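So this block is my_file.cif, mmCIF, C-alpha atoms:
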data_work
loop_
_atom_site.label_atom_id
_atom_site.label_comp_id
_atom_site.auth_asym_id
_atom_site.auth_seq_id
_atom_site.Cartn_x
_atom_site.Cartn_y
_atom_site.Cartn_z
CA MET C 1 0.00 0.00 0.00
CA ARG C 2 2.81 2.39 0.90
CA LEU C 3 4.68 1.52 -2.31
CA THR C 4 1.56 2.29 -4.39
CA LEU C 5 1.18 5.73 -2.84
CA VAL C 6 4.86 6.50 -3.49
CA ILE C 7 4.62 5.43 -7.14
CA CYS C 8 1.46 7.51 -7.73
CA GLY C 9 3.05 10.58 -6.16
CA TYR C 10 6.18 10.14 -8.27
CA PHE C 11 4.12 9.86 -11.46
CA LYS C 12 2.27 13.12 -10.69
CA LYS C 13 5.53 14.97 -10.09
CA PHE C 14 6.96 13.49 -13.29
CA VAL C 15 4.00 14.81 -15.33
CA GLU C 16 4.32 18.26 -13.75
CA ARG C 17 8.06 18.34 -14.48
CA GLU C 18 7.57 17.34 -18.12
CA ILE C 19 4.88 20.01 -18.62
CA SER C 20 7.20 22.66 -17.21
CA LYS C 21 9.96 21.57 -19.61
CA GLY C 22 7.67 21.84 -22.62
CA SER C 23 6.49 25.33 -21.66
CA GLY C 24 10.01 26.64 -21.02
CA VAL C 25 9.31 27.44 -17.36
CA SER C 26 12.01 26.30 -14.98
CA VAL C 27 9.82 26.24 -11.86
CA TYR C 28 6.79 24.07 -12.46
CA LYS C 29 3.46 24.60 -10.76
CA PRO C 30 1.43 21.72 -9.33
CA ILE C 31 -1.50 20.46 -11.38
CA VAL C 32 -4.73 21.77 -9.83
CA GLY C 33 -7.19 20.44 -12.40
CA TRP C 34 -9.20 21.87 -15.29
CA LYS C 35 -9.92 25.57 -15.41
CA HIS C 36 -13.52 26.35 -16.32
CA LYS C 37 -13.74 29.12 -18.90
CA ARG C 38 -17.08 30.90 -18.96
CA LYS C 39 -18.68 31.13 -22.39
CA ARG C 40 -18.97 34.73 -23.52
CA ARG C 41 -22.29 35.96 -24.87
CA TRP C 42 -22.30 36.69 -28.58
CA ILE C 43 -23.20 40.28 -29.44
CA PHE C 44 -25.76 40.32 -32.23
CA ASP C 45 -26.05 43.38 -34.45
CA GLU C 46 -26.91 44.27 -38.05
CA ASN C 47 -23.86 42.36 -39.30
CA ARG C 48 -24.15 38.66 -39.99
CA PRO C 49 -22.25 36.46 -37.52
CA TRP C 50 -19.69 35.21 -40.06
CA THR C 51 -18.64 38.67 -41.31
CA ASP C 52 -15.49 40.49 -40.23
CA ALA C 53 -17.54 43.33 -38.71
CA ALA C 54 -19.39 40.92 -36.41
CA LYS C 55 -16.14 39.21 -35.39
CA GLU C 56 -14.59 42.60 -34.64
CA ALA C 57 -17.54 43.54 -32.43
CA ASN C 58 -17.13 40.25 -30.55
CA ARG C 59 -13.37 40.49 -30.19
CA PRO C 60 -12.17 39.86 -26.60
CA GLY C 61 -11.95 43.21 -24.85
CA ASN C 62 -14.85 44.84 -26.69
CA MET C 63 -17.48 45.14 -24.00
CA MET C 64 -20.98 46.48 -24.63
CA THR C 65 -23.38 47.46 -21.85
CA GLU C 66 -26.49 47.97 -23.97
CA LEU C 67 -27.44 44.29 -24.10
CA VAL C 68 -31.01 43.73 -22.95
CA GLU C 69 -33.07 40.68 -22.10
CA PRO C 70 -34.69 39.49 -25.34
CA ILE C 71 -38.45 39.22 -25.60
CA PRO C 72 -39.68 35.60 -25.40
CA GLU C 73 -40.49 34.03 -28.76
CA SER C 74 -44.14 33.54 -27.79
CA GLU C 75 -44.61 37.27 -27.04
CA TRP C 76 -42.88 38.71 -30.13
CA LYS C 77 -45.41 40.74 -32.16
CA ILE C 78 -43.51 42.68 -34.88
CA PHE C 79 -42.29 40.82 -37.96
CA LYS C 80 -40.82 41.60 -41.36
CA GLY C 81 -43.29 43.26 -43.71
CA ASP C 82 -45.35 44.91 -40.94
CA ILE C 83 -46.24 48.59 -41.22
CA VAL C 84 -45.22 50.40 -38.02
CA GLN C 85 -45.08 53.96 -36.74
CA ILE C 86 -41.96 55.42 -35.12
CA LEU C 87 -42.52 56.86 -31.65
CA LYS C 88 -39.11 58.44 -30.96
CA GLY C 89 -36.21 60.00 -32.83
CA ILE C 90 -35.85 62.29 -35.83
CA ASP C 91 -38.55 60.40 -37.76
CA GLU C 92 -41.13 60.44 -34.97
CA GLY C 93 -44.66 60.02 -36.32
CA LYS C 94 -43.56 58.57 -39.67
CA GLN C 95 -44.74 55.17 -40.89
CA GLY C 96 -42.72 52.56 -42.70
CA VAL C 97 -42.25 48.88 -43.45
CA VAL C 98 -40.10 46.66 -41.23
CA CYS C 99 -37.32 45.26 -43.41
CA SER C 100 -35.31 43.35 -40.82
CA ILE C 101 -35.51 42.21 -37.19
CA ILE C 102 -32.93 41.04 -34.67
CA LYS C 103 -34.75 39.24 -31.86
CA GLU C 104 -31.64 38.80 -29.75
CA ARG C 105 -31.48 42.60 -29.21
CA ASN C 106 -35.20 43.49 -29.51
CA TRP C 107 -34.35 45.43 -32.67
CA CYS C 108 -36.15 46.16 -35.89
CA TYR C 109 -35.15 48.16 -38.95
CA VAL C 110 -37.70 50.33 -40.75
CA GLU C 111 -37.08 50.75 -44.47
CA GLY C 112 -35.77 54.26 -45.27
CA LEU C 113 -36.34 55.68 -41.76
CA ASN C 114 -34.18 56.40 -38.70
CA CYS C 115 -31.09 56.75 -40.89
CA VAL C 116 -27.69 58.35 -40.37
CA TYR C 117 -25.81 60.03 -43.23
CA LYS C 118 -22.04 59.96 -43.57
CA TRP C 119 -19.63 61.41 -46.11
CA ALA C 120 -17.22 58.95 -47.69
CA ARG C 121 -14.01 59.57 -49.66
CA ARG C 122 -14.31 63.31 -49.17
CA SER C 123 -11.24 65.49 -49.78
CA ALA C 124 -10.26 68.95 -50.94
CA THR C 125 -10.39 67.91 -54.60
CA ASN C 126 -13.01 65.18 -54.44
CA PRO C 127 -16.52 65.92 -53.10
CA GLY C 128 -17.03 62.22 -52.35
CA PHE C 129 -20.45 60.77 -51.78
CA MET C 130 -22.90 60.47 -48.92
CA SER C 131 -23.95 57.08 -47.60
CA LYS C 132 -27.17 56.32 -45.74
CA GLN C 133 -27.45 53.65 -43.09
CA GLU C 134 -30.58 52.56 -41.24
CA LYS C 135 -30.23 52.39 -37.47
CA PRO C 136 -32.10 49.92 -35.25
CA LEU C 137 -35.21 50.73 -33.24
CA LEU C 138 -36.41 49.01 -30.08
CA VAL C 139 -39.67 47.17 -30.63
CA THR C 140 -40.63 47.75 -26.99
CA THR C 141 -40.60 51.57 -26.82
CA GLU C 142 -39.68 53.07 -30.20
CA VAL C 143 -42.13 51.53 -32.69
CA THR C 144 -45.74 50.36 -32.60
CA LEU C 145 -48.05 48.45 -34.89
CA LEU C 146 -50.84 50.10 -36.91
CA ASP C 147 -54.51 49.20 -36.86
CA PRO C 148 -55.48 48.02 -40.39
CA SER C 149 -58.93 49.70 -40.09
CA ASP C 150 -57.69 53.32 -39.70
CA MET C 151 -53.86 53.01 -39.96
CA LYS C 152 -53.35 54.54 -36.51
CA PRO C 153 -51.02 53.30 -33.75
CA THR C 154 -52.34 50.62 -31.46
CA ASN C 155 -51.16 48.02 -28.98
CA ALA C 156 -51.66 44.38 -29.90
CA GLU C 157 -51.78 41.00 -28.25
CA TRP C 158 -51.94 37.37 -29.31
CA ARG C 159 -55.33 35.67 -29.32
CA TYR C 160 -57.03 32.65 -30.91
CA ASP C 161 -59.77 32.91 -33.51
CA GLU C 162 -62.75 30.59 -34.00
CA ASP C 163 -60.67 28.12 -36.01
CA GLY C 164 -58.00 27.92 -33.30
CA ASN C 165 -55.39 29.92 -35.20
CA ARG C 166 -53.13 32.25 -33.24
CA VAL C 167 -53.54 35.82 -34.55
CA ARG C 168 -52.55 39.35 -33.56
CA VAL C 169 -55.43 41.54 -32.45
CA ALA C 170 -55.46 45.34 -32.09
CA LEU C 171 -56.57 46.23 -28.55
CA ARG C 172 -58.20 49.52 -29.59
CA THR C 173 -60.62 48.16 -32.19
CA GLY C 174 -60.36 44.37 -31.93
CA ARG C 175 -59.33 44.00 -35.59
CA ILE C 176 -56.97 41.21 -36.62
CA ILE C 177 -53.54 42.42 -37.80
CA PRO C 178 -52.54 39.92 -40.51
CA LEU C 179 -48.98 38.74 -40.97
CA SER C 180 -47.11 39.61 -44.15
CA HIS C 181 -45.79 36.92 -46.46
CA ARG C 182 -42.33 38.20 -45.51
CA ALA C 183 -42.93 37.27 -41.86
CA GLN C 184 -41.86 33.68 -42.39
CA PRO C 185 -38.53 32.83 -40.74
CA ASP C 186 -35.35 33.30 -42.74
CA SER C 187 -32.79 30.61 -43.36
CA GLU C 188 -29.32 30.70 -41.81
CA ASP C 189 -28.01 32.89 -44.62
CA PHE C 190 -30.94 35.37 -44.28
CA ILE C 191 -32.68 34.24 -47.49
CA GLU C 192 -36.47 34.23 -47.50
CA ILE C 193 -37.63 30.62 -47.61
CA GLY C 194 -40.63 31.49 -49.78
CA SER C 195 -38.45 33.01 -52.50
CA TYR C 196 -35.91 30.18 -52.55
CA LYS C 197 -35.72 28.16 -55.76
CA THR C 198 -34.94 24.48 -55.59
CA GLN C 199 -31.50 23.58 -56.93
CA SER C 200 -30.37 20.37 -58.59
CA CYS C 201 -28.13 19.55 -55.62
CA ASP C 202 -30.96 19.85 -53.06
CA THR C 203 -32.44 16.77 -51.40
CA ASP C 204 -35.99 15.97 -52.45
CA GLU C 205 -38.60 16.74 -49.78
CA LYS C 206 -40.21 13.30 -50.04
CA GLU C 207 -36.84 11.62 -49.57
CA LEU C 208 -36.00 13.95 -46.69
CA LEU C 209 -39.22 13.17 -44.80
CA GLN C 210 -38.92 9.42 -45.31
CA VAL C 211 -38.60 7.55 -42.02
CA THR C 212 -35.53 5.30 -42.19
CA PHE C 213 -35.31 4.26 -38.54
CA LYS C 214 -38.01 3.32 -36.05
CA PRO C 215 -36.82 2.95 -32.44
CA SER C 216 -38.01 -0.03 -30.43
CA LEU C 217 -37.42 -1.63 -27.02
CA LYS C 218 -35.87 -4.75 -28.52
CA SER C 219 -32.34 -5.75 -27.66
CA PHE C 220 -29.57 -5.88 -30.23
CA GLU C 221 -29.86 -9.65 -30.55
CA GLU C 222 -33.65 -9.53 -31.00
CA ASP C 223 -33.31 -6.83 -33.63
CA ILE C 224 -30.79 -8.92 -35.61
CA MET C 225 -32.96 -12.04 -35.36
CA GLU C 226 -36.01 -10.17 -36.65
CA SER C 227 -34.10 -8.71 -39.61
CA MET C 228 -32.80 -12.20 -40.54
CA GLY C 229 -36.17 -13.92 -40.06
CA ILE C 230 -35.07 -16.05 -37.10
CA LYS C 231 -37.81 -16.96 -34.64
CA GLU C 232 -37.05 -17.84 -31.05
CA HIS C 233 -39.13 -20.77 -29.79
CA ARG C 234 -37.27 -21.34 -26.55
CA LYS C 235 -38.60 -19.91 -23.33
CA ARG C 236 -36.39 -18.16 -20.87
CA ALA C 237 -36.07 -20.01 -17.55
CA PRO C 238 -37.22 -18.13 -14.46
CA ASN C 239 -34.63 -16.39 -12.36
CA PHE C 240 -34.76 -16.38 -8.59
CA TYR C 241 -33.01 -13.71 -6.58
CA TYR C 242 -32.39 -14.21 -2.87
#

Could you quickly redo this structure as structure tokens?
Amino acid sequence: MRLTLVICGYFKKFVEREISKGSGVSVYKPIVGWKHKRKRRWIFDENRPWTDAAKEANRPGNMMTELVEPIPESEWKIFKGDIVQILKGIDEGKQGVVCSIIKERNWCYVEGLNCVYKWARRSATNPGFMSKQEKPLLVTTEVTLLDPSDMKPTNAEWRYDEDGNRVRVALRTGRIIPLSHRAQPDSEDFIEIGSYKTQSCDTDEKELLQVTFKPSLKSFEEDIMESMGIKEHRKRAPNFYY
């Protein structure tokens, strides 16, 4: 027993010494175990996650304090294609169409509104050109839906109609606010699913939905015997446990 403890202690010191040699440190530190590294939250913005701009915003050291708790998926009411009215900012009172949403930040972009203008490539000899960029708006306090009956701002909530479908209803008049055809979820590369054209390399939908495996409670041996057409006629003897 004593010899085992000595051998185990020697092996641990040997591993620590070899690690210190590989790292170039003369004085090695004892092994204390794995270090848990907390996963950092990804900062979502108008840039797609795989672009250089998004990676720069999420570079270690870039801290943002404007992150908010996202609205639950079941309570989200504003979608692409909806007509909304801006409640704050330079375009207060104007109406426009929602062209993009970012649910992780409670953001929406209204087409042609709430924009900032910047000069680019401007010099003493070159007048350059002005670029326009749409800025995000909070769906909670900065935009509101419009009632389809009079096109005036209104609050809305989710309800169920007579057929059991979940619809948005204007609280002021009780009218249903229909969803636009653009409200369907986008694919991973932000392409509208409804406008996607099937390619020759795509898997057929019938083949994709075909069930190729059905789980069962049979053991591996029973599954093999069934696939090979072998029937078991023997009966298992009873087992007695004392």

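Atom CA of Glu104 of chain C is positioned 18.0 Å from atom CA of Glu134 of chain C.
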
Have a look at atom CA of Gln85 of chain C and atom CA of Ile102 of chain C and let me know their distance in Å, one decimal.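 Between atom CA of Gln85 of chain C and atom CA of Ile102 of chain C the gap is 17.9 Å.
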
Which distance in Å separates atom CA of Phe79 of chain C and atom CA of Asp163 of chain C, to one decimal? 22.4 Å

From the set C:Glu222, C:Asp82, C:Glu73, C:Glu207, which residue has the shortest atom-to-atom contact distance to Ile177 of chain C, counting all atoms listed in the file?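 The closest residue to Ile177 of chain C is C:Asp82.
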
The PyMOL selection byres ((chain C and resi 45) around 12) resolved against shown file, as a ChimeraX atom specification: /C:42-44,46-51,53-58,64,66-67,100-109,135-137

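Of the listed residues C:Val110, C:Cys201, C:Ile86, C:Met130, the one whose atoms come nearest to Thr144 of chain C is C:Ile86, with distances taken using only C-alpha atoms.
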
For each of C:Leu146, C:Ala124, C:Leu209, C:Met151, take the minimum atom-to-atom distance to Ile78 of chain C, counting all atoms listed in the file, then give the residue where this is smallest. C:Leu146

Ranking C:Val143, C:Leu113, C:Val167, C:Ile176 by minimum distance to Ser74 of chain C and counting all atoms listed in the file, which one comes first?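 Smallest distance to Ser74 of chain C is found for C:Val167.
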
Evaluating the PyMOL selection byres ((chain C and resi 81) around 7) on the displayed file yields which residues, as a PDB file with C-alpha atoms, in the frame of the given file?
ATOM      1  CA  PHE C  79     -42.290  40.820 -37.960  1.00  0.00           C
ATOM      2  CA  LYS C  80     -40.820  41.600 -41.360  1.00  0.00           C
ATOM      3  CA  ASP C  82     -45.350  44.910 -40.940  1.00  0.00           C
ATOM      4  CA  ILE C  83     -46.240  48.590 -41.220  1.00  0.00           C
ATOM      5  CA  VAL C  97     -42.250  48.880 -43.450  1.00  0.00           C
ATOM      6  CA  VAL C  98     -40.100  46.660 -41.230  1.00  0.00           C
ATOM      7  CA  CYS C  99     -37.320  45.260 -43.410  1.00  0.00           C
ATOM      8  CA  SER C 180     -47.110  39.610 -44.150  1.00  0.00           C
ATOM      9  CA  ARG C 182     -42.330  38.200 -45.510  1.00  0.00           C
ATOM     10  CA  ALA C 183     -42.930  37.270 -41.860  1.00  0.00           C
TER      11      ALA C 183
END

Trp158 of chain C environment, 7 Å, all atoms listed in the file, sequence neighbours closer than 6 positions dropped, as a ChimeraX atom specification: /C:166-169
